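Asker: Please find one structure pasted underneath; my questions will follow.
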Amino acid sequence: MIEARGFTVTPDQDGRRLDRVLRGLYRGVSLGYIMAAIRRGNVRVNGAKSGGDARLAAGDAVTVPWPAPQALDRRIGKRSAGELQTLFKSEDVWILEKPAGLLSQPDWKSDDSVITRVWSRLSWTRTDFRPALVHRLDRGASGAIAAALSGPALRMLSELVREGMIKKIYLAVVSGIPPKAGEIDLPLLKSENGNMVVVDDRGKRSITRYRTIGSDGTNALVEMDLVTGRPHQARVHMASIGHPIIGDAKYGGLPAERLFLHACSLTFPDVAGLPRNLRNNTITSKTPREFALLSKLPEQG
């Protein structure tokens, strides 16, 4: 006989899929075991069998056939990059400046990342919800990154990102001198061979608007508006027009001590539900000193 254990759905879990809530709540249970338990009817919502894609509601009683979750493990591995800096913080949203070299999410080799540092700094112990990033930055990139500190904030911000309502501007130092301004409209597809993205007609439509704002005659500083925000979009699009980002060896860039890609600003729409001092506001991250040096632009501040 299977001993039933479980939990009551909280407002932060309201509206989320059953399988995703279980994966986040029971991190010590393998995904395969979770899905098998759902298929066998050993996971129940309000006493009834339920599919993994079922949406939960606050107050639902969920029973599962495995032990209660342990408290969040807040151990942080060896630091691989500089400390996080706060650009904006409210009860529901935390916008931080990610240093180059730090993962956004932990991988199997390391538990040091933006989000694990967020959990640690908040001394987070709740298991029904954990702060989550709304978007990601490549490990080598730096700049503004947003974390949601509540379930409603995560749902709202994720929807705004999907709808393209949060404008993300990037800076990059590239090889050569691109035209003063342009638009790159090329479909991108994740390659089956490794973590690579390629221009391919089978891919998703991807649009990057850019303008060149400085140059030393060899390299140029480019500002980019990633209209569609696909993985590796800035890197692949700039390489596709013959101007790879410095430090991006994966896509043909010259070797350097870092990837010269920086998320310099996030602009939020004026919509109800966002913190009032975030609505219709732009949160900016200072351009790294090495960007100015490499492109011979005046340094900020």
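The chains in the structure tokens are called A, B, ... from first to last as shown; in each chain the residues are counted from 1, and the ligands are counted from 1 in the order shown.
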Report as a tab-separated table the residues of range 179-234 of chain A within 6 Å of range 155-173 of chain A, each with its shortest atom pair and distance in Å (one decimal), using only C-alpha atoms, ordered by chain and increasing residue number.

Answerer:
residue	atom	partner	partner_atom	distance
A:Ala220	CA	A:Val173	CA	5.5
A:Leu221	CA	A:Val173	CA	4.5
A:Val222	CA	A:Ala172	CA	5.3
A:Glu223	CA	A:Leu171	CA	4.6
A:Met224	CA	A:Tyr170	CA	5.1
A:Asp225	CA	A:Ile169	CA	4.9

Asker: So that I can check the surroundings of Leu189 in chain A, please list as a PyMOL selection string every protein, DNA and RNA residue that reaches within 9 Å of it, counting only C-alpha atoms and ignoring chain neighbours fewer than 4 positions away.

Answerer: chain A and resi 196-204

Asker: The selected residues should be written to file as a CSV table (one decimal), in the first residue's frame (atoms: N, CA and C atoms).

Answerer:
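Dumped everything to selection-v8.csv:
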chain,number,residue,atom,x,y,z
A,196,MET,N,24.2,24.8,-30.0
A,196,MET,CA,24.4,25.8,-31.1
A,196,MET,C,23.1,26.2,-31.7
A,197,VAL,N,23.1,27.5,-32.2
A,197,VAL,CA,21.9,28.0,-32.9
A,197,VAL,C,22.4,28.4,-34.3
A,198,VAL,N,21.6,28.0,-35.3
A,198,VAL,CA,22.0,28.3,-36.7
A,198,VAL,C,20.8,29.1,-37.4
A,199,VAL,N,21.2,29.8,-38.5
A,199,VAL,CA,20.2,30.4,-39.3
A,199,VAL,C,19.7,29.3,-40.2
A,200,ASP,N,18.4,29.1,-40.2
A,200,ASP,CA,17.8,28.0,-40.9
A,200,ASP,C,16.3,28.3,-41.2
A,201,ASP,N,15.9,28.1,-42.4
A,201,ASP,CA,14.5,28.4,-42.8
A,201,ASP,C,13.4,27.6,-42.0
A,202,ARG,N,13.9,26.6,-41.4
A,202,ARG,CA,12.9,25.8,-40.5
A,202,ARG,C,12.8,26.4,-39.1
A,203,GLY,N,13.6,27.3,-38.8
A,203,GLY,CA,13.6,27.9,-37.5
A,203,GLY,C,12.5,29.0,-37.3
A,204,LYS,N,12.5,29.6,-36.1
A,204,LYS,CA,11.5,30.6,-35.8
A,204,LYS,C,12.0,32.0,-36.3

Asker: What are the closest atom pairs, with distances in Å to one decimal, for each residue of range 152-247 of chain A lying within 10 Å of range 12-31 of chain A, using only C-alpha atoms, rows by chain and rising residue number, as JSON lines?

Answerer:
{"residue": "A:Pro152", "atom": "CA", "partner": "A:Asp12", "partner_atom": "CA", "distance": 6.3}
{"residue": "A:Ala153", "atom": "CA", "partner": "A:Asp12", "partner_atom": "CA", "distance": 9.0}
{"residue": "A:Leu154", "atom": "CA", "partner": "A:Asp12", "partner_atom": "CA", "distance": 9.0}
{"residue": "A:Arg155", "atom": "CA", "partner": "A:Gly15", "partner_atom": "CA", "distance": 8.9}

Asker: I need the chosen residues saved as a compact mmCIF listing (two decimals), in the first residue's frame, with N, CA and C atoms.

Answerer:
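The new file result10.txt reads:
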# COMPACT_ATOMS: atom_id res chain seq x y z
N PRO A 152 2.36 35.37 -8.52
CA PRO A 152 1.67 36.29 -9.43
C PRO A 152 2.64 37.14 -10.25
N ALA A 153 3.73 37.59 -9.63
CA ALA A 153 4.71 38.39 -10.37
C ALA A 153 5.37 37.56 -11.46
N LEU A 154 5.67 36.31 -11.17
CA LEU A 154 6.29 35.44 -12.17
C LEU A 154 5.37 35.23 -13.36
N ARG A 155 4.10 34.99 -13.08
CA ARG A 155 3.15 34.78 -14.19
C ARG A 155 3.00 36.04 -15.02

Asker: DSSP on the backbone, strand (DSSP E or B) only: what residues of range 33-238 of chain A does that give? Format it as a short mmCIF file (atom, residue, chain, number, x, y, z; two decimals) with C-alpha atoms, in the first residue's frame.

Answerer:
data_model
loop_
_atom_site.label_atom_id
_atom_site.label_comp_id
_atom_site.auth_asym_id
_atom_site.auth_seq_id
_atom_site.Cartn_x
_atom_site.Cartn_y
_atom_site.Cartn_z
CA ARG A 44 -4.30 12.99 -6.89
CA VAL A 45 -5.87 16.44 -6.75
CA ALA A 48 -9.21 12.50 -8.02
CA LYS A 49 -6.69 11.29 -10.61
CA ARG A 55 -3.94 23.56 -13.76
CA ALA A 61 -5.30 19.28 -1.86
CA VAL A 62 -2.59 17.32 -3.70
CA THR A 63 -1.50 13.88 -2.51
CA VAL A 64 1.71 12.17 -3.62
CA GLN A 85 24.38 44.24 -7.68
CA THR A 86 20.81 45.46 -7.15
CA LEU A 87 19.34 47.74 -9.82
CA PHE A 88 15.74 47.64 -8.57
CA LYS A 89 13.91 45.79 -5.82
CA VAL A 93 10.46 41.96 -8.41
CA TRP A 94 14.23 42.05 -8.08
CA ILE A 95 16.34 43.32 -10.98
CA LEU A 96 20.01 42.56 -10.63
CA GLU A 97 23.21 43.19 -12.53
CA LYS A 98 24.70 39.86 -13.53
CA ASP A 107 23.92 23.30 -14.31
CA SER A 110 27.97 23.82 -10.39
CA ALA A 132 12.59 32.45 -10.44
CA LEU A 133 14.23 34.32 -13.29
CA SER A 142 26.59 40.64 -18.22
CA GLY A 143 23.87 43.12 -17.35
CA ALA A 144 20.29 43.51 -16.17
CA ILE A 145 18.34 40.37 -15.31
CA ALA A 146 14.95 40.17 -13.58
CA ALA A 147 13.76 37.74 -10.91
CA ALA A 148 10.17 37.34 -9.73
CA LYS A 167 11.95 45.93 -24.17
CA LYS A 168 15.48 44.57 -23.77
CA ILE A 169 18.41 46.57 -25.13
CA TYR A 170 21.89 45.08 -25.42
CA LEU A 171 25.34 46.43 -26.16
CA ALA A 172 28.02 44.44 -27.96
CA VAL A 173 31.52 45.06 -29.24
CA VAL A 174 31.84 43.42 -32.66
CA SER A 175 34.60 42.86 -35.20
CA ALA A 181 21.74 51.06 -38.53
CA GLY A 182 19.98 47.97 -39.78
CA GLU A 183 17.52 45.17 -39.16
CA ILE A 184 18.40 41.48 -39.25
CA ASP A 185 15.38 39.27 -40.03
CA LEU A 188 16.94 30.73 -36.01
CA LEU A 189 16.98 27.01 -35.23
CA LYS A 190 18.71 25.17 -32.38
CA VAL A 197 21.90 27.97 -32.91
CA VAL A 198 21.96 28.34 -36.69
CA VAL A 199 20.23 30.41 -39.33
CA LYS A 204 11.53 30.61 -35.76
CA ILE A 207 14.38 40.03 -35.62
CA THR A 208 17.25 42.17 -34.34
CA ARG A 209 17.41 45.92 -34.86
CA TYR A 210 20.80 47.52 -34.33
CA ARG A 211 22.71 50.76 -34.62
CA THR A 212 26.43 51.42 -34.50
CA ILE A 213 27.25 54.01 -31.83
CA GLY A 214 31.06 53.98 -31.70
CA SER A 215 34.19 52.61 -33.29
CA ASN A 219 35.91 47.20 -33.64
CA ALA A 220 32.50 48.78 -33.18
CA LEU A 221 30.12 49.25 -30.27
CA VAL A 222 26.62 48.23 -31.35
CA GLU A 223 23.29 48.76 -29.61
CA MET A 224 20.74 46.02 -30.26
CA ASP A 225 16.99 45.71 -29.74
CA LEU A 226 16.21 41.98 -29.67
#

Asker: Determine which residues of range 136-249 of chain A receive a DSSP assignment of alpha helix (DSSP H), computed from the backbone, and state them as a list in words.

Answerer: Gly151, Pro152, Ala153, Leu154, Arg155, Met156, Leu157, Ser158, Glu159, Leu160, Val161, Arg162, Gln233, Ala234, Arg235, Val236, His237, Met238, Ala239 and Ser240 of chain A

Asker: From the list A:Leu186, A:Ile246, A:Val227, A:Leu137, which residue is nearest Ala263 in chain A when using only C-alpha atoms?

Answerer: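 Closest residue, counting only C-alpha atoms: A:Leu137.
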
Asker: Which is closest to Gly151 in chain A among A:Leu254, A:Leu103, A:Ala58, A:Ala36, if we use only C-alpha atoms?

Answerer: A:Ala58

Asker: Show me, as a PyMOL selection string, the residues that have an atom within 9 Å of Thr282 in chain A when counting only C-alpha atoms, minus same-chain residues fewer than 5 positions from it.

Answerer: chain A and resi 167+265-268
